[in-house]
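Q: Quick one: this structure, given as C-alpha cells, is what I'll be asking you about.
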Amino acid sequence: MNTKTEVPRVLYKYRRFSERTIEILTTKKLYFPRAEELNDPLDSQIDIQLEYERAKKEMARRFSGQELMRKQFLLYLLNSHRFTHRESGKTIGLNEALQQWIRERGILSLSKNPTDPLLWAHYGGGHTGLCLGFDVSMLGLSEEPDATEVEYVASPRYRELFLSLAEELGGFVKPWEERNAYPDEVGDKFYTRQIERITRESLFVKSEKWKYEEEFRIVLDPSGLHSYDPSSLREIVFGTKVRDADAKRITDIVSASVWQHVSLKRVQHVPGSFEFEITEYRV
C-alpha cells in the first residue's frame, strides 16, 4: 500500500524502563507486534466478514426490486475471489483472506507528541520511563513499510465502505446491459483499490477515544523484531520521575560513538499549567 503522508521529522516511542527497552539500544532492533498484542482489543480486530454481512442487511433496507438485485450482485462480486486458508486449508473469500493477512502484520506505534501526560502515564512507566525519538525517514528497514497517521472516527465505517465499493464497481460492471465489457486493467485497478481501502480501514483507523495518542504507525511483514539504522534515533526524552540509576544506565549506553548524535532531554512541568515541556537533560 505504501501510503504517502507528510511525516514529522521526529516521532516518539514511549517506553517504561525495562530490559526490553535497553535491548532496543543494545540490539538496535525494534519490535513490531501483531494487532492482537496491542492494548486496544478492537485494533485491526473487527470482523471484516461480519461487517460485510451487515452491509448486505443495510442494502436490503435501502433498496428493493430490480435495483436491489443488481446491487446485491455487485456486493457479492466484492467477495467472490477465492483463497485457501493457510492453517485450515478451507476455501475462503477475499474478506477473510484480508483479515488473515492483516492480523499477521507487525505494527510499530509512535506518537507525534512527546509531552502528553496520559501517554507518559500509560506507556512511559507512569512518567518514570522514556521516549525514543526516531527520524522515521532514516530507519533503514529491510523493506518499505506502509506508514501513515492513524485516523480517529466515532464508529467503524466498514458497512458504508462496502456499499461505496459496490456502487463504484457498478460504474463499469453492468451484465444486465447489452454492451457491458470493460478492459481488464479497469477491473485490476478497482481490485487494488478495494484491497487498499479495506486494509487501511483496518490498520490505520481507530476509535476517537484514542485520539489523544496522536499515533503514527508503521506496518511491516512479518511481525517481530526488525533492525533499524542507529542514525535514525535522534532523541531520548526522560520522564519527570525517571530514576537517577535508570537515566545513568541509558546515558552510559549512548556514550558509545555510534550514539554520539543522540540528544538527551527531559520532560518538565510548565509552572502555572497542567502542561509539560521538553528541556535539555543534564547529568
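We label chains A, B, ... in the order they appear in the C-alpha cells, count residues from 1 in each chain, and number ligands from 1 in the order shown.
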Give me every alpha helix (DSSP H) residue in region 31-193 of chain A, going by DSSP on the backbone, as JSON, numbers by chain.
A: {"A": [48, 49, 50, 51, 52, 53, 54, 55, 56, 57, 58, 59, 60, 61, 62, 65, 66, 67, 68, 69, 70, 71, 72, 73, 74, 75, 76, 77, 78, 94, 95, 96, 97, 98, 99, 100, 101, 102, 103, 117, 118, 119, 120, 121, 122, 123, 158, 159, 160, 161, 162, 163, 164, 165, 166, 167, 168, 169, 184, 185, 186, 187, 188, 189, 190, 191, 192, 193]}
Q: Give me, as a ChimeraX atom specification, the residues of region 8-192 of chain A that a backbone DSSP run labels strand (DSSP E).
A: /A:11-15,29-32,82-84,91-93,106-111,130-134,146-149,151-153
Q: Please provide the set of residues having any atom within 8 Å of region 234-238 of chain A, restricted to only C-alpha atoms, with same-chain residues fewer than 6 positions apart removed, written as number ranges by chain.
A: A: 10, 114, 128-135, 247, 261-267, 278, 281
Q: When distances are computed from only C-alpha atoms, which of A:Tyr228, A:Tyr31, A:Tyr182, A:Phe274 shows the smallest separation from Ser109 (chain A)?
A: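 Among the listed residues, the smallest separation from Ser109 (chain A) belongs to A:Tyr31.
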Q: Find the residues near region 42-48 of chain A: any atom within 9 Å, counting only C-alpha atoms, skip ones fewer than 6 places away on the same chain, and give them as a PyMOL selection string.
A: chain A and resi 35-36+95-96+98-99+102-103+156+158+198+201-207
Q: Which is closest to Glu37 (chain A) among A:Lys13, A:Arg105, A:Lys57, A:Arg20, if we use only C-alpha atoms?
A: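 Smallest separation from Glu37 (chain A) among the options: A:Arg105.
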Q: Within 10 Å of Leu118 (chain A), counting only C-alpha atoms, which residues qualify if same-chain residues fewer than 4 places away don't, as a short mmCIF file (atom, residue, chain, number, x, y, z; two decimals) with N, CA and C atoms, in the first residue's frame?
A:
data_model
loop_
_atom_site.label_atom_id
_atom_site.label_comp_id
_atom_site.auth_asym_id
_atom_site.auth_seq_id
_atom_site.Cartn_x
_atom_site.Cartn_y
_atom_site.Cartn_z
N HIS A 122 0.42 6.04 30.66
CA HIS A 122 0.00 4.73 30.15
C HIS A 122 1.16 3.90 29.58
N TYR A 123 2.09 4.56 28.90
CA TYR A 123 3.14 3.82 28.19
C TYR A 123 4.56 4.14 28.66
N GLY A 124 4.71 5.20 29.43
CA GLY A 124 6.03 5.63 29.87
C GLY A 124 6.31 5.31 31.33
N GLY A 126 4.43 5.41 34.01
CA GLY A 126 3.96 6.38 35.00
C GLY A 126 4.93 7.53 35.15
N HIS A 127 5.50 7.98 34.02
CA HIS A 127 6.44 9.11 33.96
C HIS A 127 7.84 8.75 34.44
N TYR A 212 -6.11 11.09 21.66
CA TYR A 212 -5.05 11.77 22.42
C TYR A 212 -3.67 11.22 22.11
N GLU A 213 -3.61 9.98 21.57
CA GLU A 213 -2.31 9.36 21.31
C GLU A 213 -1.58 10.00 20.12
#
Q: What lies within 7 Å of region 78-85 of chain A using only C-alpha atoms, ignoring chain neighbours under 5 positions off, as number ranges by chain?
A: A: 90-95, 97
Q: Pick the closest to Asp252 (chain A) from A:Leu25, A:Leu163, A:Leu11, A:Val186: which is it, counting only C-alpha atoms?
A: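 Nearest candidate to Asp252 (chain A) out of A:Leu25, A:Leu163, A:Leu11, A:Val186: A:Leu25.
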Q: So that I can see what lies close to region 144-154 of chain A, please list as an NGL selection string the residues with an atom at most 12 Å from it, counting only C-alpha atoms and leaving out residues fewer than 2 positions away in the same chain.
A: :A and (1-8 or 11 or 32 or 43-44 or 102 or 105-112 or 136-142 or 156-158 or 196 or 199-223 or 226)
Q: Which is closest to Lys241 (chain A) among A:Leu225, A:Ala121, A:Leu38, A:Met69, if we use only C-alpha atoms?
A: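 Residue with the minimum atom-to-atom distance to Lys241 (chain A): A:Ala121.
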Q: Work out how far CA of Ile24 (chain A) is from CA of Asp116 (chain A), in Å to one decimal.
A: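 Between these atoms lies a distance of 22.2 Å.
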Q: With distances taken over only C-alpha atoms, which residue among A:Asn113, A:Thr251, A:Asn39, A:Gln194 lies nearest Ile22 (chain A)?
A: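 Checking each of A:Asn113, A:Thr251, A:Asn39, A:Gln194 against Ile22 (chain A), counting only C-alpha atoms, the winner is A:Thr251.
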Q: Measure the distance from CA of Glu168 (chain A) to CA of Leu50 (chain A) in Å and round it to one decimal.
A: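 Rounded to one decimal, the two atoms are 21.1 Å apart.
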Q: Which is closest to Leu68 (chain A) among A:Arg86, A:Thr115, A:Ala166, A:Pro230, if we use only C-alpha atoms?
A: A:Ala166
